[in-house]
$ cat entry05.txt   # compact mmCIF, C-alpha atoms
# COMPACT_ATOMS: atom_id res chain seq x y z
CA MET L 1 -7.24 -27.15 -11.03
CA ILE L 2 -9.99 -25.66 -8.87
CA GLU L 3 -8.99 -28.18 -6.23
CA LEU L 4 -5.36 -27.08 -6.51
CA LEU L 5 -6.38 -23.47 -5.89
CA GLN L 6 -8.42 -24.53 -2.88
CA GLN L 7 -5.47 -26.47 -1.50
CA HIS L 8 -3.28 -23.45 -2.10
CA LYS L 9 -5.74 -21.31 -0.17
CA ASP L 10 -5.39 -23.67 2.78
CA LEU L 11 -1.60 -23.24 2.61
CA ILE L 12 -1.94 -19.47 2.58
CA SER L 13 -4.24 -19.64 5.60
CA THR L 14 -1.50 -21.54 7.41
CA ASN L 15 0.99 -18.81 6.44
CA LEU L 16 -1.27 -16.23 8.01
CA LYS L 17 -1.45 -18.15 11.27
CA HIS L 18 2.33 -18.27 11.49
CA TYR L 19 3.02 -14.81 10.05
CA LYS L 20 5.59 -12.82 11.99
CA ASP L 21 5.98 -9.12 11.27
CA ASP L 22 9.64 -8.24 10.67
CA PHE L 23 8.88 -4.60 11.56
CA ILE L 24 11.07 -3.56 8.65
CA PHE L 25 9.53 -0.15 8.24
CA GLU L 26 9.72 0.56 11.98
CA SER L 27 13.41 -0.32 11.87
CA GLU L 28 14.00 1.99 8.91
CA MET L 29 12.09 4.79 10.63
CA GLU L 30 14.29 4.39 13.69
CA LYS L 31 17.35 4.82 11.47
CA LEU L 32 15.86 8.04 10.09
CA ILE L 33 15.14 9.36 13.58
CA ASN L 34 18.74 8.68 14.62
CA ILE L 35 20.01 10.63 11.62
CA VAL L 36 17.62 13.59 11.77
CA CYS L 37 16.67 14.17 15.41
CA GLU L 38 18.74 16.11 17.91
CA ASP L 39 16.36 15.54 20.83
CA LYS L 40 15.12 11.97 20.40
CA GLU L 41 13.34 11.96 23.76
CA ALA L 42 11.16 14.91 22.76
CA PHE L 43 10.45 13.36 19.37
CA ASN L 44 9.53 10.00 20.87
CA PHE L 45 7.10 11.73 23.25
CA TYR L 46 5.51 13.52 20.29
CA SER L 47 5.39 10.35 18.18
CA LEU L 48 3.97 8.19 20.96
CA ASN L 49 1.10 10.59 21.62
CA TYR L 50 0.30 10.86 17.92
CA HIS L 51 0.22 7.08 17.54
CA GLU L 52 -2.04 6.82 20.56
CA ALA L 53 -4.24 9.42 18.85
CA LEU L 54 -4.34 7.19 15.77
CA LYS L 55 -5.48 4.24 17.87
CA GLU L 56 -8.27 6.33 19.37
CA GLY L 57 -9.25 7.60 15.95
CA ARG L 58 -9.47 4.07 14.58
CA ALA L 59 -11.73 3.21 17.52
CA GLY L 60 -13.96 6.17 16.67
CA ASN L 61 -12.86 8.22 19.68
CA ILE L 62 -12.13 11.42 17.77
CA GLN L 63 -12.28 13.71 20.79
CA LYS L 64 -9.76 11.59 22.71
CA ALA L 65 -7.53 11.59 19.64
CA GLU L 66 -7.61 15.38 19.48
CA MET L 67 -6.73 15.64 23.17
CA LEU L 68 -3.69 13.43 22.64
CA ILE L 69 -2.57 15.62 19.74
CA VAL L 70 -2.78 18.71 21.96
CA ARG L 71 -0.69 16.84 24.55
CA ALA L 72 1.86 15.84 21.92
CA LYS L 73 2.48 19.46 20.93
CA LYS L 74 2.52 20.85 24.45
CA TYR L 75 6.19 20.29 25.23
CA ILE L 76 7.72 20.76 21.78
CA ASP L 77 9.48 24.01 20.91
CA PHE L 78 9.08 23.93 17.15
CA ASP L 79 11.03 27.19 16.70
CA SER L 80 14.16 25.48 18.05
CA LEU L 81 14.00 22.60 15.57
CA GLN L 82 16.21 22.32 12.51
CA SER L 83 14.48 22.24 9.15
CA LYS L 84 14.98 18.49 8.67
CA GLU L 85 13.59 17.83 12.16
CA LYS L 86 10.48 19.86 11.38
CA ASP L 87 10.04 17.76 8.28
CA LEU L 88 10.17 14.58 10.36
CA TYR L 89 7.63 15.93 12.86
CA GLY L 90 5.37 16.73 9.92
CA LEU L 91 5.89 13.28 8.45
CA ILE L 92 4.73 11.68 11.70
CA SER L 93 1.77 13.95 12.40
CA LEU L 94 0.18 14.75 9.04
CA PRO L 95 -0.93 11.21 8.11
CA ILE L 96 -2.77 11.01 11.43
CA HIS L 97 -4.42 14.38 10.86
CA ALA L 98 -5.39 13.08 7.40
CA PHE L 99 -6.91 9.95 8.92
CA LEU L 100 -8.95 11.99 11.40
CA SER L 101 -10.14 14.23 8.55
CA TYR L 102 -11.16 11.06 6.70
CA LYS L 103 -13.08 9.83 9.76
CA ARG L 104 -14.90 13.18 9.86
CA SER L 105 -15.79 12.69 6.15
CA ASN L 106 -13.70 15.74 5.22
CA TYR L 107 -12.24 13.97 2.23
CA THR L 108 -10.85 17.04 0.48
CA LEU L 109 -8.80 17.96 3.54
CA ALA L 110 -7.70 14.33 4.00
CA LYS L 111 -6.30 14.26 0.46
CA GLN L 112 -4.63 17.63 0.93
CA GLN L 113 -2.94 16.52 4.15
CA THR L 114 -1.84 13.25 2.54
CA HIS L 115 -0.34 15.20 -0.36
CA GLU L 116 1.56 17.36 2.12
CA THR L 117 2.85 14.21 3.81
CA MET L 118 4.29 13.03 0.50
CA LEU L 119 6.14 16.33 0.17
CA PHE L 120 7.80 15.60 3.51
CA ASP L 121 8.63 12.10 2.26
CA GLU L 122 10.42 13.60 -0.73
CA LYS L 123 12.54 15.80 1.53
CA LEU L 124 13.48 12.94 3.84
CA GLU L 125 14.25 10.32 1.19
CA GLN L 126 17.78 11.74 1.01
CA TYR L 127 18.39 10.57 4.59
CA ASN L 128 16.76 7.15 4.25
CA PRO L 129 15.61 5.68 0.89
CA SER L 130 12.91 3.62 2.62
CA MET L 131 10.82 6.80 2.84
CA PHE L 132 9.95 6.03 -0.77
CA TYR L 133 7.68 3.30 0.58
CA HIS L 134 6.12 5.64 3.09
CA LYS L 135 5.33 7.87 0.12
CA ILE L 136 3.86 4.87 -1.72
CA GLN L 137 1.75 4.16 1.35
CA GLN L 138 0.42 7.72 1.29
CA LEU L 139 -0.52 7.40 -2.38
CA HIS L 140 -2.35 4.21 -1.44
CA ASN L 141 -4.17 6.24 1.23
CA VAL L 142 -5.32 8.69 -1.45
CA SER L 143 -6.78 5.76 -3.39
CA ARG L 144 -8.76 4.80 -0.27
CA VAL L 145 -10.28 8.28 -0.10
CA GLU L 146 -11.12 8.20 -3.81
CA MET L 147 -12.81 4.80 -3.38
CA LYS L 148 -14.76 6.11 -0.39
CA GLU L 149 -16.00 9.00 -2.52
CA ASN L 150 -16.84 6.58 -5.37
CA ASN L 151 -14.40 8.42 -7.62
CA ASN L 152 -13.63 5.19 -9.44
CA GLU L 153 -11.76 6.76 -12.34
CA ASN L 154 -9.41 8.58 -9.96
CA ALA L 155 -8.93 5.43 -7.87
CA VAL L 156 -8.05 3.35 -10.95
CA GLY L 157 -5.56 5.99 -12.06
CA ILE L 158 -3.82 5.80 -8.69
CA PHE L 159 -3.77 1.99 -8.69
CA ASN L 160 -2.20 2.15 -12.14
CA LEU L 161 0.55 4.44 -10.82
CA LEU L 162 1.14 2.20 -7.80
CA TYR L 163 1.53 -0.97 -9.87
CA ARG L 164 3.73 0.68 -12.48
CA SER L 165 6.01 1.95 -9.72
CA LEU L 166 6.08 -1.22 -7.63
CA LEU L 167 6.12 -3.85 -10.39
CA LEU L 168 7.96 -2.07 -13.19
CA SER L 169 10.16 0.33 -11.16
CA GLU L 170 8.87 2.96 -13.56
CA GLU L 171 9.07 6.67 -12.76
CA VAL L 172 5.52 7.93 -12.28
CA HIS L 173 3.99 11.20 -11.10
CA TYR L 174 0.99 12.06 -8.95
CA LEU L 175 0.33 15.80 -9.10
CA ASP L 176 3.75 17.30 -8.31
CA ILE L 177 5.05 14.20 -6.53
CA LYS L 178 7.60 12.01 -8.29
CA PHE L 179 7.93 8.28 -7.58
CA SER L 180 11.29 7.05 -8.78
CA TYR L 181 13.35 4.59 -6.83
CA GLN L 182 15.90 1.87 -7.40
CA ASP L 183 17.31 -0.22 -4.54
CA SER L 184 18.49 -3.79 -4.30
CA SER L 185 18.76 -4.15 -0.51
CA GLU L 186 16.92 -7.16 0.87
CA SER L 187 14.99 -5.17 3.48
CA LEU L 188 13.59 -2.76 0.91
CA LYS L 189 12.74 -5.63 -1.44
CA LYS L 190 10.63 -7.00 1.40
CA LEU L 191 8.99 -3.61 1.84
CA ARG L 192 8.13 -3.52 -1.85
CA LYS L 193 6.45 -6.92 -1.70
CA LEU L 194 4.64 -5.95 1.48
CA MET L 195 3.29 -2.80 -0.16
CA LEU L 196 2.24 -4.78 -3.24
CA ALA L 197 0.29 -7.19 -1.04
CA GLN L 198 -1.41 -4.36 0.85
CA VAL L 199 -2.38 -2.55 -2.34
CA THR L 200 -3.62 -5.75 -4.02
CA ASN L 201 -5.70 -6.84 -1.05
CA GLU L 202 -7.66 -3.60 -1.33
CA TYR L 203 -7.67 -3.40 -5.11
CA ILE L 204 -9.35 -6.79 -5.54
CA PRO L 205 -12.56 -6.05 -3.54
CA PHE L 206 -12.74 -2.69 -5.32
CA LEU L 207 -12.45 -4.41 -8.72
CA ASP L 208 -14.91 -7.19 -7.93
CA ARG L 209 -17.75 -4.85 -6.97
CA LEU L 210 -17.68 -3.10 -10.35
CA ASP L 211 -19.73 -4.00 -13.42
CA ASN L 212 -16.97 -3.17 -15.94
CA ARG L 213 -14.27 -5.33 -14.38
CA ALA L 214 -12.50 -6.21 -17.63
CA GLU L 215 -12.14 -2.55 -18.56
CA ILE L 216 -10.89 -1.59 -15.09
CA LEU L 217 -8.43 -4.49 -14.91
CA TYR L 218 -6.99 -3.49 -18.28
CA GLN L 219 -6.74 0.18 -17.32
CA THR L 220 -4.90 -0.78 -14.15
CA PHE L 221 -2.42 -3.28 -15.58
CA SER L 222 -2.03 -2.59 -19.32
CA GLU L 223 1.53 -1.23 -18.96
CA VAL L 224 2.52 -4.12 -16.69
CA LEU L 225 1.14 -6.75 -19.08
CA ASN L 226 2.86 -5.09 -22.02
CA ASN L 227 6.21 -5.00 -20.22
CA GLN L 228 6.33 -8.20 -18.16
CA THR L 229 10.05 -8.69 -18.72
CA ALA L 230 10.66 -5.69 -16.44
CA VAL L 231 8.97 -7.44 -13.50
CA ASP L 232 11.32 -9.17 -11.05
CA ASP L 233 10.83 -12.93 -10.80
CA GLU L 234 9.91 -12.67 -7.11
CA LEU L 235 6.99 -10.39 -8.03
CA MET L 236 5.60 -12.41 -10.95
CA SER L 237 2.89 -13.95 -8.77
CA PHE L 238 0.99 -10.67 -9.07
CA VAL L 239 1.24 -10.77 -12.86
CA TYR L 240 0.07 -14.38 -12.98
CA TRP L 241 -2.92 -13.43 -10.84
CA VAL L 242 -3.84 -10.59 -13.22
CA LYS L 243 -3.75 -12.98 -16.20
CA LEU L 244 -5.93 -15.53 -14.42
CA LYS L 245 -8.33 -12.80 -13.37
CA TRP L 246 -8.54 -11.57 -16.95
CA ASN L 247 -9.41 -15.09 -18.10
CA SER L 248 -12.06 -15.44 -15.40
CA ILE L 249 -13.73 -12.10 -16.07
CA ASN L 250 -13.87 -12.78 -19.79
CA GLN L 251 -14.94 -16.41 -19.26
CA GLU L 252 -11.88 -17.58 -21.15
CA GLU L 253 -10.02 -20.85 -20.72
CA TRP L 254 -7.62 -21.15 -17.82
CA ASN L 255 -4.13 -22.24 -18.75
CA LYS L 256 -2.91 -25.05 -16.49
CA ASP L 257 0.68 -23.85 -16.60
CA LEU L 258 -0.44 -20.35 -15.64
CA ILE L 259 -2.29 -21.69 -12.60
CA LYS L 260 0.73 -23.78 -11.61
CA ASN L 261 3.02 -20.77 -12.01
CA PHE L 262 0.73 -18.68 -9.84
CA ILE L 263 0.62 -21.34 -7.14
CA ARG L 264 4.38 -21.87 -7.26
CA SER L 265 5.20 -18.16 -7.02
CA SER L 266 2.68 -17.20 -4.34
CA THR L 267 3.55 -19.68 -1.59
CA ASP L 268 4.60 -16.79 0.66
CA PHE L 269 1.26 -14.95 0.43
CA THR L 270 -0.33 -14.18 3.79
CA SER L 271 -3.81 -13.37 2.49
CA SER L 272 -6.26 -15.56 0.58
CA ILE L 273 -8.02 -12.57 -1.03
CA PRO L 274 -6.44 -13.11 -4.50
CA ILE L 275 -7.31 -16.82 -4.45
CA ASP L 276 -10.83 -16.21 -3.09
CA SER L 277 -11.46 -13.80 -5.95
CA LEU L 278 -10.49 -16.43 -8.52
CA LEU L 279 -12.51 -19.15 -6.80
CA GLU L 280 -15.55 -16.89 -6.63
CA ASP L 281 -15.36 -16.30 -10.38
CA ALA L 282 -14.94 -20.04 -10.93
CA GLY L 283 -18.05 -20.67 -8.87
CA LYS L 284 -20.12 -18.32 -11.01
CA GLU L 285 -19.13 -20.00 -14.25
CA LYS L 286 -16.34 -22.52 -14.10
CA PRO L 287 -13.59 -21.63 -16.60
CA GLN L 288 -12.53 -24.31 -19.01
CA LEU L 289 -8.97 -25.56 -18.76
CA MET L 290 -6.49 -25.58 -21.61
$ encode --input "entry05.txt" --output "structure tokens"
Amino acid sequence: MIELLQQHKDLISTNLKHYKDDFIFESEMEKLINIVCEDKEAFNFYSLNYHEALKEGRAGNIQKAEMLIVRAKKYIDFDSLQSKEKDLYGLISLPIHAFLSYKRSNYTLAKQQTHETMLFDEKLEQYNPSMFYHKIQQLHNVSRVEMKENNNENAVGIFNLLYRSLLLSEEVHYLDIKFSYQDSSESLKKLRKLMLAQVTNEYIPFLDRLDNRAEILYQTFSEVLNNQTAVDDELMSFVYWVKLKWNSINQEEWNKDLIKNFIRSSTDFTSSIPIDSLLEDAGKEKPQLM
């Protein structure tokens, strides 16, 4: 079975090589812009400069990023904008301000700005439901700040909310922000799976560096494990991984059918992080097979 996991990892690596981004979220954002914006040229100028600022910020060029933000605002008459347009401008700009605050180690401000972004998401969801996933992304960003600050309890609480929302479609709350969404469109189903993969690929390294992994795994997924029938079949790969991880952490026997189910349901993964985590546990003390 270890060999099967290794072979599966090789398949996933091939997926990554041939992965093609569908740019689903970008397409949905364009739809929102067309609905909300009166002056699309002005908005695109603003958005372009802010995204260039983000690139500079990621490269550590904070001063260049700030200059681009000044340029973005230079030609925008905010007083002339409708309320919904102002919300969209805020939605575009605030996450980048939050990232720059994070890069400056101003974590309190970064979380505050991310919270404000989610408030804009809530206002704009009425125009395009995909903004729910932008809001999910912002909550994920808060978890990153909490992990950076070593606020493990807060981070686990957020991961729990994310998985309950994404896997169970359960209504959850973070501060005054509500996460409640139902949609069956194929594009938004893809966004949900994409967000699950992004969250999981950061959750696993966080989990694996902790001493109390069994406790943290249970705190994160207890509701999901107790309500598996609510999880869509196309998302069960994540549940199978959690069960295998629980077995590994507790040095329990691996169930062959469980491994096969995980392999069968995760053929579209584009990251080997979940498999690497299982293989690393197996290398420490090889689980017995049932």
$ residues_around --input "entry05.txt" --residues "Leu4 of chain L" --least-positions-apart "4" --cutoff "10 Å" --atoms "all atoms listed in the file" --output "number ranges by chain"
L: 8-10, 259-260, 263
$ closest_residue --input "entry05.txt" --among "L:Leu88, L:Ser180, L:Leu194, L:Tyr163" --to "Val242 of chain L" --atoms "all atoms listed in the file"
L:Tyr163
$ atom_distance --input "entry05.txt" --atom1 "atom CA of Ile35 of chain L" --atom2 "atom CA of Asp79 of chain L"
19.5 Å
$ residues_around --input "entry05.txt" --residues "His97 of chain L" --least-positions-apart "5" --cutoff "12 Å" --atoms "all atoms listed in the file" --output "list in words"
Tyr50, His51, Ala53, Leu54, Gly57, Ile62, Ala65, Glu66, Leu68, Ile69, Gly90, Leu91, Ile92, Tyr102, Lys103, Arg104, Asn106, Tyr107, Leu109, Ala110, Lys111, Gln112, Gln113, Thr114, His115, Glu116 and Thr117 of chain L
$ residues_around --input "entry05.txt" --residues "Trp246 of chain L" --least-positions-apart "5" --cutoff "9 Å" --atoms "only C-alpha atoms" --output "VMD selection string"
chain L and resid 213 to 214 217 to 218 241 251 to 252
$ closest_atom_pairs --input "entry05.txt" --of "segment 15-96 of chain L" --to "segment 133-153 of chain L" --cutoff "10 Å" --atoms "all atoms listed in the file" --output "CSV"
residue,atom,partner,partner_atom,distance
L:Phe25,CA,L:His134,CA,8.5
L:Met29,CA,L:His134,CA,9.7
L:Leu91,CA,L:His134,CA,9.3
L:Pro95,CA,L:Gln138,CA,7.8
$ write_last_selection --input "entry05.txt" --atoms "C-alpha atoms" --output "PDB file, in the coordinates of the input"
ATOM      1  CA  PHE L  25       9.530  -0.150   8.240  1.00  0.00           C
ATOM      2  CA  MET L  29      12.090   4.790  10.630  1.00  0.00           C
ATOM      3  CA  LEU L  91       5.890  13.280   8.450  1.00  0.00           C
ATOM      4  CA  PRO L  95      -0.930  11.210   8.110  1.00  0.00           C
TER       5      PRO L  95
END
$ decode --input "entry05.txt" --residues "segment 118-129 of chain L" --atoms "all heavy atoms" --output "mmCIF file, in the first residue's frame"
data_model
loop_
_atom_site.group_PDB
_atom_site.id
_atom_site.type_symbol
_atom_site.label_atom_id
_atom_site.label_comp_id
_atom_site.auth_asym_id
_atom_site.auth_seq_id
_atom_site.Cartn_x
_atom_site.Cartn_y
_atom_site.Cartn_z
ATOM 1 N N MET L 118 -13.760 41.461 4.023
ATOM 2 C CA MET L 118 -14.876 40.526 4.074
ATOM 3 C C MET L 118 -16.213 41.248 4.167
ATOM 4 O O MET L 118 -17.232 40.766 3.655
ATOM 5 C CB MET L 118 -14.697 39.547 5.232
ATOM 6 C CG MET L 118 -13.577 38.542 5.006
ATOM 7 S SD MET L 118 -13.486 37.245 6.263
ATOM 8 C CE MET L 118 -12.536 38.078 7.545
ATOM 9 N N LEU L 119 -16.227 42.414 4.793
ATOM 10 C CA LEU L 119 -17.455 43.209 4.834
ATOM 11 C C LEU L 119 -17.839 43.680 3.430
ATOM 12 O O LEU L 119 -19.025 43.694 3.072
ATOM 13 C CB LEU L 119 -17.272 44.412 5.773
ATOM 14 C CG LEU L 119 -17.115 44.089 7.261
ATOM 15 C CD1 LEU L 119 -16.790 45.352 8.048
ATOM 16 C CD2 LEU L 119 -18.371 43.429 7.823
ATOM 17 N N PHE L 120 -16.839 44.045 2.627
ATOM 18 C CA PHE L 120 -17.110 44.398 1.234
ATOM 19 C C PHE L 120 -17.601 43.181 0.461
ATOM 20 O O PHE L 120 -18.508 43.277 -0.377
ATOM 21 C CB PHE L 120 -15.856 44.978 0.563
ATOM 22 C CG PHE L 120 -15.545 46.394 0.967
ATOM 23 C CD1 PHE L 120 -14.303 46.725 1.489
ATOM 24 C CD2 PHE L 120 -16.483 47.405 0.804
ATOM 25 C CE1 PHE L 120 -14.018 48.024 1.861
ATOM 26 C CE2 PHE L 120 -16.201 48.716 1.167
ATOM 27 C CZ PHE L 120 -14.958 49.029 1.697
ATOM 28 N N ASP L 121 -17.014 42.020 0.728
ATOM 29 C CA ASP L 121 -17.479 40.785 0.083
ATOM 30 C C ASP L 121 -18.964 40.564 0.341
ATOM 31 O O ASP L 121 -19.720 40.205 -0.573
ATOM 32 C CB ASP L 121 -16.690 39.581 0.609
ATOM 33 C CG ASP L 121 -15.300 39.467 0.018
ATOM 34 O OD1 ASP L 121 -15.166 39.657 -1.204
ATOM 35 O OD2 ASP L 121 -14.347 39.193 0.774
ATOM 36 N N GLU L 122 -19.379 40.771 1.583
ATOM 37 C CA GLU L 122 -20.776 40.538 1.936
ATOM 38 C C GLU L 122 -21.705 41.462 1.155
ATOM 39 O O GLU L 122 -22.788 41.068 0.733
ATOM 40 C CB GLU L 122 -20.971 40.723 3.438
ATOM 41 C CG GLU L 122 -20.324 39.629 4.274
ATOM 42 C CD GLU L 122 -20.946 39.495 5.643
ATOM 43 O OE1 GLU L 122 -21.295 40.540 6.227
ATOM 44 O OE2 GLU L 122 -21.081 38.350 6.122
ATOM 45 N N LYS L 123 -21.270 42.707 0.962
ATOM 46 C CA LYS L 123 -22.094 43.653 0.211
ATOM 47 C C LYS L 123 -22.193 43.277 -1.262
ATOM 48 O O LYS L 123 -23.224 43.467 -1.891
ATOM 49 C CB LYS L 123 -21.509 45.066 0.342
ATOM 50 C CG LYS L 123 -21.613 45.669 1.732
ATOM 51 C CD LYS L 123 -21.002 47.063 1.744
ATOM 52 C CE LYS L 123 -21.078 47.701 3.113
ATOM 53 N NZ LYS L 123 -20.476 49.066 3.117
ATOM 54 N N LEU L 124 -21.126 42.730 -1.807
ATOM 55 C CA LEU L 124 -21.059 42.472 -3.242
ATOM 56 C C LEU L 124 -21.534 41.078 -3.639
ATOM 57 O O LEU L 124 -21.711 40.805 -4.828
ATOM 58 C CB LEU L 124 -19.629 42.701 -3.738
ATOM 59 C CG LEU L 124 -19.184 44.171 -3.693
ATOM 60 C CD1 LEU L 124 -17.675 44.298 -3.864
ATOM 61 C CD2 LEU L 124 -19.912 44.991 -4.751
ATOM 62 N N GLU L 125 -21.761 40.207 -2.663
ATOM 63 C CA GLU L 125 -22.266 38.870 -2.973
ATOM 64 C C GLU L 125 -23.602 38.921 -3.704
ATOM 65 O O GLU L 125 -23.918 38.032 -4.499
ATOM 66 C CB GLU L 125 -22.423 38.041 -1.698
ATOM 67 C CG GLU L 125 -21.168 37.330 -1.245
ATOM 68 C CD GLU L 125 -21.425 36.441 -0.040
ATOM 69 O OE1 GLU L 125 -21.858 35.297 -0.247
ATOM 70 O OE2 GLU L 125 -21.194 36.892 1.100
ATOM 71 N N GLN L 126 -24.389 39.973 -3.436
ATOM 72 C CA GLN L 126 -25.702 40.074 -4.076
ATOM 73 C C GLN L 126 -25.584 40.247 -5.590
ATOM 74 O O GLN L 126 -26.499 39.903 -6.343
ATOM 75 C CB GLN L 126 -26.490 41.244 -3.486
ATOM 76 C CG GLN L 126 -25.848 42.593 -3.712
ATOM 77 C CD GLN L 126 -26.634 43.733 -3.098
ATOM 78 O OE1 GLN L 126 -27.795 43.925 -3.428
ATOM 79 N NE2 GLN L 126 -26.003 44.476 -2.185
ATOM 80 N N TYR L 127 -24.444 40.763 -6.055
ATOM 81 C CA TYR L 127 -24.245 40.987 -7.479
ATOM 82 C C TYR L 127 -23.562 39.798 -8.158
ATOM 83 O O TYR L 127 -23.756 39.575 -9.352
ATOM 84 C CB TYR L 127 -23.407 42.247 -7.705
ATOM 85 C CG TYR L 127 -24.021 43.489 -7.117
ATOM 86 C CD1 TYR L 127 -23.491 44.080 -5.972
ATOM 87 C CD2 TYR L 127 -25.149 44.071 -7.699
ATOM 88 C CE1 TYR L 127 -24.061 45.219 -5.425
ATOM 89 C CE2 TYR L 127 -25.725 45.212 -7.154
ATOM 90 C CZ TYR L 127 -25.178 45.776 -6.016
ATOM 91 O OH TYR L 127 -25.747 46.903 -5.465
ATOM 92 N N ASN L 128 -22.766 39.061 -7.396
ATOM 93 C CA ASN L 128 -22.131 37.856 -7.936
ATOM 94 C C ASN L 128 -21.838 36.907 -6.776
ATOM 95 O O ASN L 128 -21.005 37.216 -5.909
ATOM 96 C CB ASN L 128 -20.840 38.192 -8.679
ATOM 97 C CG ASN L 128 -20.291 36.986 -9.443
ATOM 98 O OD1 ASN L 128 -20.394 35.846 -8.995
ATOM 99 N ND2 ASN L 128 -19.702 37.226 -10.596
ATOM 100 N N PRO L 129 -22.509 35.740 -6.732
ATOM 101 C CA PRO L 129 -22.341 34.812 -5.613
ATOM 102 C C PRO L 129 -20.914 34.303 -5.424
ATOM 103 O O PRO L 129 -20.561 33.832 -4.348
ATOM 104 C CB PRO L 129 -23.272 33.653 -5.970
ATOM 105 C CG PRO L 129 -24.251 34.214 -6.930
ATOM 106 C CD PRO L 129 -23.517 35.265 -7.700
#
